[in-house]
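Structure file target33.cif (mmCIF, C-alpha atoms and all ligand atoms) is printed below.
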```
data_run
#
loop_
_atom_site.group_PDB
_atom_site.id
_atom_site.type_symbol
_atom_site.label_atom_id
_atom_site.label_comp_id
_atom_site.auth_asym_id
_atom_site.auth_seq_id
_atom_site.Cartn_x
_atom_site.Cartn_y
_atom_site.Cartn_z
ATOM 1 C CA MET A 30 147.373 131.303 103.002
ATOM 2 C CA HIS A 31 147.522 132.817 99.579
ATOM 3 C CA ASN A 32 149.007 129.629 98.146
ATOM 4 C CA ASN A 33 146.378 127.456 99.771
ATOM 5 C CA GLY A 34 143.633 129.662 98.423
ATOM 6 C CA PHE A 35 145.104 129.510 94.952
ATOM 7 C CA LEU A 36 145.532 125.755 95.197
ATOM 8 C CA SER A 37 141.954 125.233 96.243
ATOM 9 C CA TYR A 38 140.817 127.548 93.406
ATOM 10 C CA MET A 39 142.882 125.516 90.944
ATOM 11 C CA LYS A 40 141.526 122.243 92.315
ATOM 12 C CA LYS A 41 137.986 123.521 91.950
ATOM 13 C CA THR A 42 138.661 124.717 88.412
ATOM 14 C CA ILE A 43 140.203 121.419 87.398
ATOM 15 C CA PHE A 44 137.285 119.554 88.980
ATOM 16 C CA VAL A 45 134.700 121.677 87.126
ATOM 17 C CA ALA A 46 136.667 121.443 83.893
ATOM 18 C CA GLY A 47 136.845 117.695 84.410
ATOM 19 C CA LEU A 48 133.093 117.489 84.866
ATOM 20 C CA ALA A 49 132.491 119.515 81.724
ATOM 21 C CA LEU A 50 134.874 117.218 79.834
ATOM 22 C CA CYS A 51 133.002 114.165 81.114
ATOM 23 C CA GLN A 52 129.709 115.586 79.957
ATOM 24 C CA ALA A 53 131.193 116.415 76.583
ATOM 25 C CA VAL A 54 132.525 112.873 76.246
ATOM 26 C CA PHE A 55 129.167 111.363 77.189
ATOM 27 C CA ALA A 56 127.365 113.649 74.772
ATOM 28 C CA GLN A 57 129.661 112.418 72.012
ATOM 29 C CA THR A 58 129.147 108.727 72.741
ATOM 30 C CA PRO A 59 125.475 108.136 72.133
ATOM 31 C CA GLY A 60 124.123 104.695 72.233
ATOM 32 C CA VAL A 61 121.214 102.367 72.503
ATOM 33 C CA GLU A 62 120.283 100.420 75.579
ATOM 34 C CA VAL A 63 118.111 97.338 75.595
ATOM 35 C CA GLU A 64 115.073 98.276 77.650
ATOM 36 C CA LYS A 65 113.129 95.052 77.174
ATOM 37 C CA GLY A 66 113.040 91.989 74.965
ATOM 38 C CA THR A 67 115.144 89.037 73.896
ATOM 39 C CA LEU A 68 118.482 89.370 72.130
ATOM 40 C CA GLU A 69 118.283 86.170 70.101
ATOM 41 C CA GLN A 70 117.265 84.930 66.674
ATOM 42 C CA GLY A 71 113.483 85.356 66.351
ATOM 43 C CA GLY A 72 113.371 87.847 69.218
ATOM 44 C CA PHE A 73 112.642 91.534 69.366
ATOM 45 C CA VAL A 74 113.845 94.276 71.646
ATOM 46 C CA ILE A 75 112.727 97.717 72.690
ATOM 47 C CA LEU A 76 115.723 100.009 72.675
ATOM 48 C CA LYS A 77 116.210 103.284 74.461
ATOM 49 C CA VAL A 78 118.065 105.675 72.172
ATOM 50 C CA SER A 79 120.180 108.664 73.305
ATOM 51 C CA PRO A 80 118.352 111.955 72.681
ATOM 52 C CA GLY A 81 118.836 113.589 69.289
ATOM 53 C CA TYR A 82 119.385 110.389 67.319
ATOM 54 C CA GLU A 83 117.397 108.291 64.904
ATOM 55 C CA VAL A 84 118.137 104.665 64.189
ATOM 56 C CA SER A 85 118.489 102.891 60.881
ATOM 57 C CA TYR A 86 118.201 99.109 60.919
ATOM 58 C CA LYS A 87 117.442 96.669 58.108
ATOM 59 C CA HIS A 88 116.521 99.561 55.794
ATOM 60 C CA HIS A 89 113.996 101.002 58.249
ATOM 61 C CA LEU A 90 114.506 104.534 59.540
ATOM 62 C CA LEU A 91 113.212 104.511 63.104
ATOM 63 C CA LYS A 92 112.281 107.714 64.885
ATOM 64 C CA PRO A 93 112.374 107.273 68.678
ATOM 65 C CA ASP A 94 109.094 107.999 70.472
ATOM 66 C CA ALA A 95 108.635 110.571 73.264
ATOM 67 C CA GLU A 96 110.362 108.160 75.660
ATOM 68 C CA GLY A 97 113.252 107.596 73.248
ATOM 69 C CA ARG A 98 112.145 104.082 72.338
ATOM 70 C CA VAL A 99 112.423 102.160 69.083
ATOM 71 C CA LEU A 100 111.624 98.510 68.432
ATOM 72 C CA ILE A 101 113.634 96.123 66.261
ATOM 73 C CA GLY A 102 113.344 92.418 65.457
ATOM 74 C CA PHE A 103 115.730 89.579 64.559
ATOM 75 C CA SER A 104 115.041 86.873 62.003
ATOM 76 C CA ARG A 105 115.472 83.096 62.269
ATOM 77 C CA ASN A 106 118.880 83.222 60.578
ATOM 78 C CA ASP A 107 120.260 86.609 61.600
ATOM 79 C CA GLY A 108 123.970 86.662 62.401
ATOM 80 C CA VAL A 109 125.150 87.026 65.986
ATOM 81 C CA LYS A 110 126.415 90.551 65.322
ATOM 82 C CA GLN A 111 123.678 92.978 64.331
ATOM 83 C CA THR A 112 124.662 96.490 63.306
ATOM 84 C CA LEU A 113 122.520 99.544 63.899
ATOM 85 C CA THR A 114 123.253 102.976 62.487
ATOM 86 C CA LEU A 115 122.687 105.979 64.739
ATOM 87 C CA ILE A 116 121.938 109.143 62.804
ATOM 88 C CA GLU A 117 122.325 112.651 64.190
ATOM 89 C CA SER A 118 120.082 115.520 63.072
ATOM 90 C CA ASP A 119 122.949 116.859 60.906
ATOM 91 C CA GLY A 120 123.166 113.495 59.168
ATOM 92 C CA LYS A 121 126.313 112.279 60.947
ATOM 93 C CA LYS A 122 126.264 108.520 61.291
ATOM 94 C CA GLN A 123 127.819 105.990 63.575
ATOM 95 C CA LYS A 124 127.469 102.258 63.931
ATOM 96 C CA GLN A 125 126.581 100.292 66.999
ATOM 97 C CA THR A 126 126.646 96.525 67.315
ATOM 98 C CA LEU A 127 124.215 94.326 69.211
ATOM 99 C CA LYS A 128 125.107 90.732 69.985
ATOM 100 C CA ILE A 129 122.302 88.246 69.659
ATOM 101 C CA ALA A 130 122.180 84.564 70.584
ATOM 102 C CA LYS A 131 122.158 81.877 67.920
ATOM 103 C CA ARG A 132 119.536 79.130 68.177
ATOM 104 C CA SER A 133 119.261 75.600 66.862
ATOM 105 C CA TYR A 134 116.115 74.420 65.125
ATOM 106 C CA THR A 135 114.367 71.081 64.830
ATOM 107 C CA VAL A 136 112.997 69.249 61.794
ATOM 108 C CA GLN A 137 109.251 68.614 61.663
ATOM 109 C CA ARG A 138 107.688 66.119 59.248
ATOM 110 C CA ILE A 139 104.005 66.475 58.419
ATOM 111 C CA ASN A 140 102.251 63.988 56.153
ATOM 112 C CA GLY A 141 98.725 63.663 54.856
ATOM 113 C CA LEU A 142 98.352 67.242 53.633
ATOM 114 C CA PRO A 143 96.165 67.747 50.520
ATOM 115 C CA LYS A 144 98.495 67.444 47.512
ATOM 116 C CA ASN A 145 97.361 70.723 45.891
ATOM 117 C CA LYS A 146 98.295 72.641 49.071
ATOM 118 C CA VAL A 147 101.861 71.235 49.197
ATOM 119 C CA SER A 148 102.517 71.349 45.433
ATOM 120 C CA PRO A 149 99.837 73.741 44.187
ATOM 121 C CA ASP A 150 98.777 73.896 40.529
ATOM 122 C CA LYS A 151 99.227 77.071 38.463
ATOM 123 C CA ALA A 152 95.814 78.563 39.224
ATOM 124 C CA THR A 153 96.230 77.961 42.970
ATOM 125 C CA LEU A 154 99.764 79.401 42.866
ATOM 126 C CA LYS A 155 98.355 82.600 41.368
ATOM 127 C CA LEU A 156 95.960 82.931 44.294
ATOM 128 C CA ILE A 157 98.779 82.197 46.755
ATOM 129 C CA TYR A 158 100.898 85.001 45.251
ATOM 130 C CA ARG A 159 97.906 87.350 45.557
ATOM 131 C CA ASP A 160 97.615 86.412 49.250
ATOM 132 C CA ILE A 161 101.344 86.940 49.799
ATOM 133 C CA ALA A 162 101.177 90.404 48.210
ATOM 134 C CA GLU A 163 98.220 91.371 50.398
ATOM 135 C CA ALA A 164 99.958 90.243 53.593
ATOM 136 C CA LYS A 165 103.206 91.929 52.520
ATOM 137 C CA ALA A 166 101.409 95.257 52.026
ATOM 138 C CA ALA A 167 99.910 95.016 55.527
ATOM 139 C CA ARG A 168 103.380 94.320 56.979
ATOM 140 C CA LYS A 169 104.692 97.610 55.572
ATOM 141 C CA ILE A 170 102.421 99.651 57.829
ATOM 142 C CA ASN A 171 104.229 101.503 60.610
ATOM 143 C CA LEU A 172 101.654 102.514 63.228
ATOM 144 C CA PRO A 173 103.066 105.091 65.670
ATOM 145 C CA THR A 174 101.010 103.858 68.662
ATOM 146 C CA PRO A 175 102.730 101.414 71.076
ATOM 147 C CA TYR A 176 99.777 99.038 71.429
ATOM 148 C CA PHE A 177 102.312 96.363 72.420
ATOM 149 C CA ASP A 178 102.604 98.116 75.786
ATOM 150 C CA SER A 179 99.492 96.141 76.794
ATOM 151 C CA GLY A 180 101.762 93.070 77.080
ATOM 152 C CA PHE A 181 101.030 89.683 75.504
ATOM 153 C CA ASP A 182 98.892 86.671 76.361
ATOM 154 C CA TRP A 183 98.336 83.362 74.616
ATOM 155 C CA PRO A 184 95.624 83.751 71.968
ATOM 156 C CA THR A 185 94.005 80.479 73.039
ATOM 157 C CA LYS A 186 94.325 77.414 75.264
ATOM 158 C CA GLY A 187 95.508 74.186 73.676
ATOM 159 C CA ILE A 188 98.482 71.987 72.900
ATOM 160 C CA ILE A 189 101.609 73.306 71.186
ATOM 161 C CA SER A 190 101.784 71.353 67.916
ATOM 162 C CA GLY A 191 104.402 73.416 66.118
ATOM 163 C CA ILE A 192 107.185 75.727 67.200
ATOM 164 C CA TYR A 193 109.117 78.564 65.601
ATOM 165 C CA GLY A 194 112.006 77.884 63.285
ATOM 166 C CA SER A 195 111.599 74.161 62.637
ATOM 167 C CA GLN A 196 112.587 72.943 59.202
ATOM 168 C CA ARG A 197 109.483 71.480 57.578
ATOM 169 C CA ILE A 198 109.120 68.378 55.468
ATOM 170 C CA LEU A 199 105.575 68.342 54.099
ATOM 171 C CA ASN A 200 104.440 65.065 52.534
ATOM 172 C CA GLY A 201 108.152 64.198 52.229
ATOM 173 C CA LYS A 202 109.080 67.463 50.475
ATOM 174 C CA PRO A 203 111.351 70.070 52.118
ATOM 175 C CA ARG A 204 109.478 73.335 52.514
ATOM 176 C CA ALA A 205 110.049 76.722 54.148
ATOM 177 C CA PRO A 206 110.708 76.696 57.917
ATOM 178 C CA HIS A 207 107.781 77.125 60.254
ATOM 179 C CA LEU A 208 107.804 80.718 61.434
ATOM 180 C CA GLY A 209 105.212 80.765 64.172
ATOM 181 C CA VAL A 210 103.669 78.778 67.004
ATOM 182 C CA ASP A 211 100.849 76.293 66.396
ATOM 183 C CA ILE A 212 98.315 75.734 69.128
ATOM 184 C CA ALA A 213 95.968 72.797 68.571
ATOM 185 C CA ALA A 214 92.479 73.183 70.032
ATOM 186 C CA PRO A 215 88.998 71.992 69.094
ATOM 187 C CA GLN A 216 87.226 73.847 66.324
ATOM 188 C CA GLY A 217 85.167 76.680 67.772
ATOM 189 C CA THR A 218 87.531 77.381 70.692
ATOM 190 C CA PRO A 219 87.516 81.144 71.312
ATOM 191 C CA LEU A 220 90.537 82.951 69.948
ATOM 192 C CA HIS A 221 91.735 86.062 71.763
ATOM 193 C CA ALA A 222 93.807 89.024 70.683
ATOM 194 C CA PRO A 223 97.295 88.385 72.167
ATOM 195 C CA ALA A 224 97.773 92.132 72.714
ATOM 196 C CA ASP A 225 96.091 95.454 71.948
ATOM 197 C CA GLY A 226 96.162 96.494 68.326
ATOM 198 C CA LYS A 227 94.475 97.479 65.117
ATOM 199 C CA ILE A 228 93.166 94.945 62.614
ATOM 200 C CA THR A 229 95.059 95.665 59.411
ATOM 201 C CA LEU A 230 94.067 92.537 57.494
ATOM 202 C CA SER A 231 91.181 90.091 57.578
ATOM 203 C CA ALA A 232 91.003 87.769 54.592
ATOM 204 C CA ASP A 233 90.334 84.226 53.443
ATOM 205 C CA MET A 234 93.610 82.880 52.025
ATOM 206 C CA VAL A 235 94.556 79.681 50.217
ATOM 207 C CA LEU A 236 97.187 78.365 52.630
ATOM 208 C CA SER A 237 96.377 80.197 55.846
ATOM 209 C CA GLY A 238 92.581 80.091 55.565
ATOM 210 C CA HIS A 239 90.739 82.795 57.485
ATOM 211 C CA THR A 240 93.598 85.076 58.456
ATOM 212 C CA VAL A 241 93.633 88.078 60.783
ATOM 213 C CA MET A 242 96.525 90.475 61.282
ATOM 214 C CA ILE A 243 96.688 92.586 64.434
ATOM 215 C CA ASP A 244 99.065 95.510 64.285
ATOM 216 C CA HIS A 245 100.665 96.208 67.683
ATOM 217 C CA GLY A 246 102.481 99.345 66.509
ATOM 218 C CA TYR A 247 106.117 100.209 65.641
ATOM 219 C CA GLY A 248 106.138 97.528 62.917
ATOM 220 C CA LEU A 249 105.257 94.726 65.342
ATOM 221 C CA ARG A 250 102.262 92.536 64.515
ATOM 222 C CA SER A 251 100.549 89.230 65.115
ATOM 223 C CA THR A 252 98.927 87.085 62.471
ATOM 224 C CA VAL A 253 96.511 84.307 63.397
ATOM 225 C CA MET A 254 95.572 81.737 60.775
ATOM 226 C CA HIS A 255 93.175 78.879 59.982
ATOM 227 C CA LEU A 256 90.292 80.528 61.870
ATOM 228 C CA HIS A 257 86.851 78.926 61.752
ATOM 229 C CA LYS A 258 84.979 82.161 62.437
ATOM 230 C CA VAL A 259 86.185 85.765 62.447
ATOM 231 C CA PHE A 260 84.488 88.406 64.607
ATOM 232 C CA VAL A 261 86.544 91.451 63.601
ATOM 233 C CA LYS A 262 87.074 93.424 60.419
ATOM 234 C CA GLN A 263 89.831 95.546 58.971
ATOM 235 C CA GLY A 264 90.109 98.884 60.777
ATOM 236 C CA ASP A 265 88.761 97.597 64.124
ATOM 237 C CA PHE A 266 90.706 98.221 67.325
ATOM 238 C CA VAL A 267 91.009 95.285 69.709
ATOM 239 C CA LYS A 268 92.057 94.943 73.321
ATOM 240 C CA LYS A 269 94.295 92.189 74.685
ATOM 241 C CA GLY A 270 92.105 89.186 75.485
ATOM 242 C CA GLN A 271 89.195 90.278 73.301
ATOM 243 C CA VAL A 272 87.630 87.359 71.389
ATOM 244 C CA ILE A 273 88.391 87.957 67.721
ATOM 245 C CA GLY A 274 87.331 84.605 66.276
ATOM 246 C CA GLU A 275 87.313 80.837 66.685
ATOM 247 C CA VAL A 276 89.965 78.177 66.144
ATOM 248 C CA GLY A 277 89.460 76.208 62.939
ATOM 249 C CA GLN A 278 91.265 74.339 60.182
ATOM 250 C CA THR A 279 90.694 76.507 57.129
ATOM 251 C CA GLY A 280 93.520 76.613 54.560
ATOM 252 C CA ARG A 281 96.483 74.172 54.712
ATOM 253 C CA ALA A 282 95.885 72.339 58.013
ATOM 254 C CA THR A 283 95.692 68.715 59.107
ATOM 255 C CA GLY A 284 93.499 69.505 62.099
ATOM 256 C CA PRO A 285 91.983 72.413 64.018
ATOM 257 C CA HIS A 286 94.684 74.712 65.345
ATOM 258 C CA VAL A 287 95.728 78.323 65.281
ATOM 259 C CA HIS A 288 99.005 79.385 63.755
ATOM 260 C CA TRP A 289 100.214 82.461 65.600
ATOM 261 C CA GLY A 290 102.914 84.316 63.762
ATOM 262 C CA MET A 291 104.586 87.566 64.738
ATOM 263 C CA SER A 292 106.642 89.892 62.640
ATOM 264 C CA TRP A 293 108.542 93.124 62.751
ATOM 265 C CA PHE A 294 107.827 94.460 59.249
ATOM 266 C CA ASN A 295 108.951 91.513 57.089
ATOM 267 C CA VAL A 296 111.112 89.919 59.781
ATOM 268 C CA ARG A 297 109.400 86.836 61.232
ATOM 269 C CA LEU A 298 109.606 86.611 65.009
ATOM 270 C CA ASP A 299 109.007 83.883 67.545
ATOM 271 C CA PRO A 300 105.776 84.591 69.480
ATOM 272 C CA SER A 301 106.836 82.262 72.299
ATOM 273 C CA LEU A 302 109.636 84.701 73.152
ATOM 274 C CA VAL A 303 107.115 87.301 74.281
ATOM 275 C CA LEU A 304 105.458 84.703 76.507
ATOM 276 C CA ILE A 305 107.531 81.864 77.941
ATOM 277 C CA SER A 306 110.881 80.804 76.640
ATOM 278 C CA ASP A 307 111.094 77.027 76.127
ATOM 279 C CA LEU A 308 108.171 75.482 74.274
ATOM 280 C CA LYS A 309 108.378 71.975 72.877
ATOM 281 C CA PRO A 310 105.817 70.144 70.769
ATOM 282 C CA GLY A 311 103.308 68.496 73.106
ATOM 283 C CA ASP A 312 103.647 71.197 75.789
ATOM 284 C CA LYS A 313 100.266 72.123 77.185
ATOM 285 C CA VAL A 314 99.230 75.717 77.187
ATOM 286 C CA SER A 315 96.965 76.210 80.154
ATOM 287 C CA PRO A 316 95.510 79.179 82.006
ATOM 288 C CA SER A 317 98.438 78.855 84.420
ATOM 289 C CA ALA A 318 100.770 79.577 81.501
ATOM 290 C CA LEU A 319 98.838 82.781 81.010
ATOM 291 C CA VAL A 320 99.983 83.886 84.455
ATOM 292 C CA LEU A 321 103.576 83.500 83.305
ATOM 293 C CA ASN A 322 102.842 85.951 80.546
ATOM 294 C CA GLU A 323 102.523 88.707 83.101
ATOM 295 C CA LYS A 324 106.294 88.539 83.440
ATOM 296 C CA GLU A 325 108.119 91.002 81.283
ATOM 297 C CA PRO A 326 110.263 89.479 78.545
ATOM 298 C CA ALA A 327 113.830 88.832 79.675
ATOM 299 C CA MET A 328 115.974 91.913 79.837
ATOM 300 C CA GLN A 329 118.971 90.178 78.340
ATOM 301 C CA ALA A 330 119.665 87.435 75.884
ATOM 302 C CA SER A 331 118.722 83.979 77.048
ATOM 303 C CA SER A 332 121.059 81.304 75.787
ATOM 304 C CA LYS A 333 118.981 78.510 74.296
HETATM 305 ZN ZN ZN A 401 101.788 76.895 61.849
#
```
Represent the structure of the file as structure tokens.
Amino acid sequence: MHNNGFLSYMKKTIFVAGLALCQAVFAQTPGVEVEKGTLEQGGFVILKVSPGYEVSYKHHLLKPDAEGRVLIGFSRNDGVKQTLTLIESDGKKQKQTLKIAKRSYTVQRINGLPKNKVSPDKATLKLIYRDIAEAKAARKINLPTPYFDSGFDWPTKGIISGIYGSQRILNGKPRAPHLGVDIAAPQGTPLHAPADGKITLSADMVLSGHTVMIDHGYGLRSTVMHLHKVFVKQGDFVKKGQVIGEVGQTGRATGPHVHWGMSWFNVRLDPSLVLISDLKPGDKVSPSALVLNEKEPAMQASSK
């Protein structure tokens, strides 16, 4: 009897000690979990971070929100292994790796662009650099409100005339890759905010024409370009679906279309990844595609 009692006491003690050890081990192995998003070049993910940690990624120190979430984005050419640094309150650091999928990109040739917009003269270049600086300043903003929680919709109906990542040959000259989605639609077609946000830039620029930036929070933003008319101003708050302007062909454009770019700070993202996954030039964007947008972005990497 005595022995049995002792044995059961010992068993209990070992069990409890084991539990405590497990908890200690878990507490010492913090991590990040992908809550939502696409683990691939041009994608972004919302990560759930273990309590008590901050995240450093691409020189941005990210403080998790009340739900432990941070948002990070991957560029067109990011390597398949992305390293995050988890930082404890006492400054202790540890690395964590995320695997992202590599993509292949197409080449797009566009001819018939005005010569001074493909090879600008000195005076035009000066204005272009001014525009770049203005946009860059707006991309540094880190709004703490998760406006992106509204989800995303297409900003307008039309035909996809350009996709993310394609290498561009303009008037026969190699130029920077195309880092957004182009939707061709007649001039005057209403343009909607793809998600909730704050207007952090509204300007008339040399290459992008009438340009509006909508900040969705946590470093994530949309930029729509070549607008004919603009109905919002800097500082305004917009709701997903709200008409913010009209499709046009201001700036460097061969026809009326909207260029929809997304970025996480200075990292250019692929807007189609927050909507549907496989867009090709010529694909029609219709109201039925908008229904697809109600789906949450894929939880895991899609292999394209
Ligand atoms: Zn474009």
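For the pair atom CA of A:Val267 and atom CA of A:Gly284, the interatomic distance is 27.0 Å.
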(request) Output the neighbourhood of ligand ZN 401 (chain A) as a ChimeraX atom specification, that is, all protein and nucleic acid residues with some atom at most 12 Å from the ligand, counting only C-alpha atoms and all ligand atoms. (result) /A:137,139,189-197,205-213,236-238,252-255,278,280-291,299-300,310
(request) Could you give me, as a PyMOL selection string, the residues within 7 Å of A:Tyr247, counting only C-alpha atoms and dropping anything in the same chain fewer than 4 positions from it? (result) chain A and resi 100+171-175
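With only C-alpha atoms as the atoms that count, the residue of A:Ser231, A:Gln123, A:Ser85, A:Asn295 with the shortest distance to A:Asp160 is A:Ser231.
Reported to one decimal place, the separation of atom CA of A:Lys87 from atom CA of A:Ile243 is 22.1 Å.
As for atom CA of A:Asp119 and atom CA of A:Val78, they are spaced 16.6 Å apart.
Counting only C-alpha atoms and comparing A:Asn200, A:Thr279, A:Gln263, A:Ser292, the residue that lies closest to A:Arg250 is A:Ser292.
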For A:Leu298, find every residue with an atom within 7 Å (counting all atoms listed in the file), except residues of its own chain fewer than 4 positions away, and show them as a CSV table (one decimal) with C-alpha atoms, keeping the file's coordinate frame.
```csv
chain,number,residue,atom,x,y,z
A,71,GLY,CA,113.5,85.4,66.4
A,72,GLY,CA,113.4,87.8,69.2
A,102,GLY,CA,113.3,92.4,65.5
A,103,PHE,CA,115.7,89.6,64.6
A,104,SER,CA,115.0,86.9,62.0
A,291,MET,CA,104.6,87.6,64.7
A,292,SER,CA,106.6,89.9,62.6
A,293,TRP,CA,108.5,93.1,62.8
```
(request) Name every residue that the PyMOL selection byres (((chain A and resi 230) around 12) and not hetatm) selects in this structure, writing the answer as JSON, numbers by chain with chains first and numbers rising. (result) {"A": [160, 161, 162, 163, 164, 165, 166, 167, 168, 169, 170, 226, 227, 228, 229, 231, 232, 233, 234, 239, 240, 241, 242, 243, 244, 250, 251, 252, 253, 254, 259, 261, 262, 263, 264, 265, 266]}
(message) Quick one: residues within 10 Å of A:Arg98, only C-alpha atoms, excluding same-chain residues fewer than 6 positions away - as a PyMOL selection string?
(response) chain A and resi 61-64+74-79+91-92+175+247
Serialized selection, C-alpha atoms, as a CSV table (one decimal), in the frame of the given file:
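And here's out-v1.csv as it stands now:
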```
chain,number,residue,atom,x,y,z
A,61,VAL,CA,121.2,102.4,72.5
A,62,GLU,CA,120.3,100.4,75.6
A,63,VAL,CA,118.1,97.3,75.6
A,64,GLU,CA,115.1,98.3,77.6
A,74,VAL,CA,113.8,94.3,71.6
A,75,ILE,CA,112.7,97.7,72.7
A,76,LEU,CA,115.7,100.0,72.7
A,77,LYS,CA,116.2,103.3,74.5
A,78,VAL,CA,118.1,105.7,72.2
A,79,SER,CA,120.2,108.7,73.3
A,91,LEU,CA,113.2,104.5,63.1
A,92,LYS,CA,112.3,107.7,64.9
A,175,PRO,CA,102.7,101.4,71.1
A,247,TYR,CA,106.1,100.2,65.6
```
Where is the centre and how long are the edges: axis-aligned box on stretch 192-202 of chain A, 8 Å on each side, Å to one decimal, as lines of an AutoDock Vina configuration file:
```
center_x = 108.5
center_y = 71.4
center_z = 58.8
size_x = 24.1
size_y = 30.4
size_z = 32.7
```
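Comparing the minimum interatomic distances between A:Asp178 and each of A:Leu256, A:Ile116, A:Leu249, A:Leu127, counting only C-alpha atoms, we find that A:Leu249 sits nearest.
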